Amino acid sequence: MAEQVSKIKDSSITIFTLFTTTGTLVCCAIPIIFVTLGLGATVAAMTSAFPFLIVLSQHKIWVFLFSGLMLAISGWLMYRPGRSCPTDPALGQACGTAHKWNKRIYWSSVVIWFIGFTAAYLLLPLRMWLDI
């Protein structure tokens with residue numbers, strides 16, 4: 001029973017990590033990409049329709065720190081030593097399937113986080129360095 005509760009907790013942390021890293025895209029990456037592509041009016045419409053985007057972008061350091069911390073915790077929970085599935089064939093198969101999906105969600109979250117980080121912190125200095 002305790003093992004099932006642990007698996008549910010691990011799974012919920014992985015899904016929560018996906019949502020926190022998606023916040024990095026919403027606050028920082030998507031508006032910057034839109035402005036770069038010349039869609040500044042779209043960003044203005046987005047911020048008037050969703051005013052919380054302004055607050056998120058003002059505190060993007062905390063958004064990135066929190067989502068990075070969630071990624072680290074989720075990765076540790078998923079890849080920690082001593083983790084095993086039940087010996088019952090049906091439960092073992094369900095555990096293996098859940099672990100496979102957790103890994104997919106985790107690595108997609110890592111990719112989303114790096115896209116957001118690149119757009120928020122690396123694109124402008126790179127553009128200035130390349131003099132584009």
# chains A, B, ... in the order shown; residues from 1 in each chain; ligands from 1
call {"tool": "select_by_dssp", "arguments": {"residues": "chain A", "states": "alpha helix (DSSP H)", "output": "PyMOL selection string"}}
result
chain A and resi 2-24+30-36+40-49+52-58+60-79+89-117+123-130
call {"tool": "residues_around", "arguments": {"residues": "segment 57-63 of chain A", "least_positions_apart": "3", "cutoff": "7 Å", "atoms": "only C-alpha atoms", "output": "number ranges by chain"}}
result
A: 24, 27-28, 53-54, 66-67
call {"tool": "atom_distance", "arguments": {"atom1": "atom CA of Tyr79 of chain A", "atom2": "atom CA of Thr22 of chain A"}}
result
21.9 Å
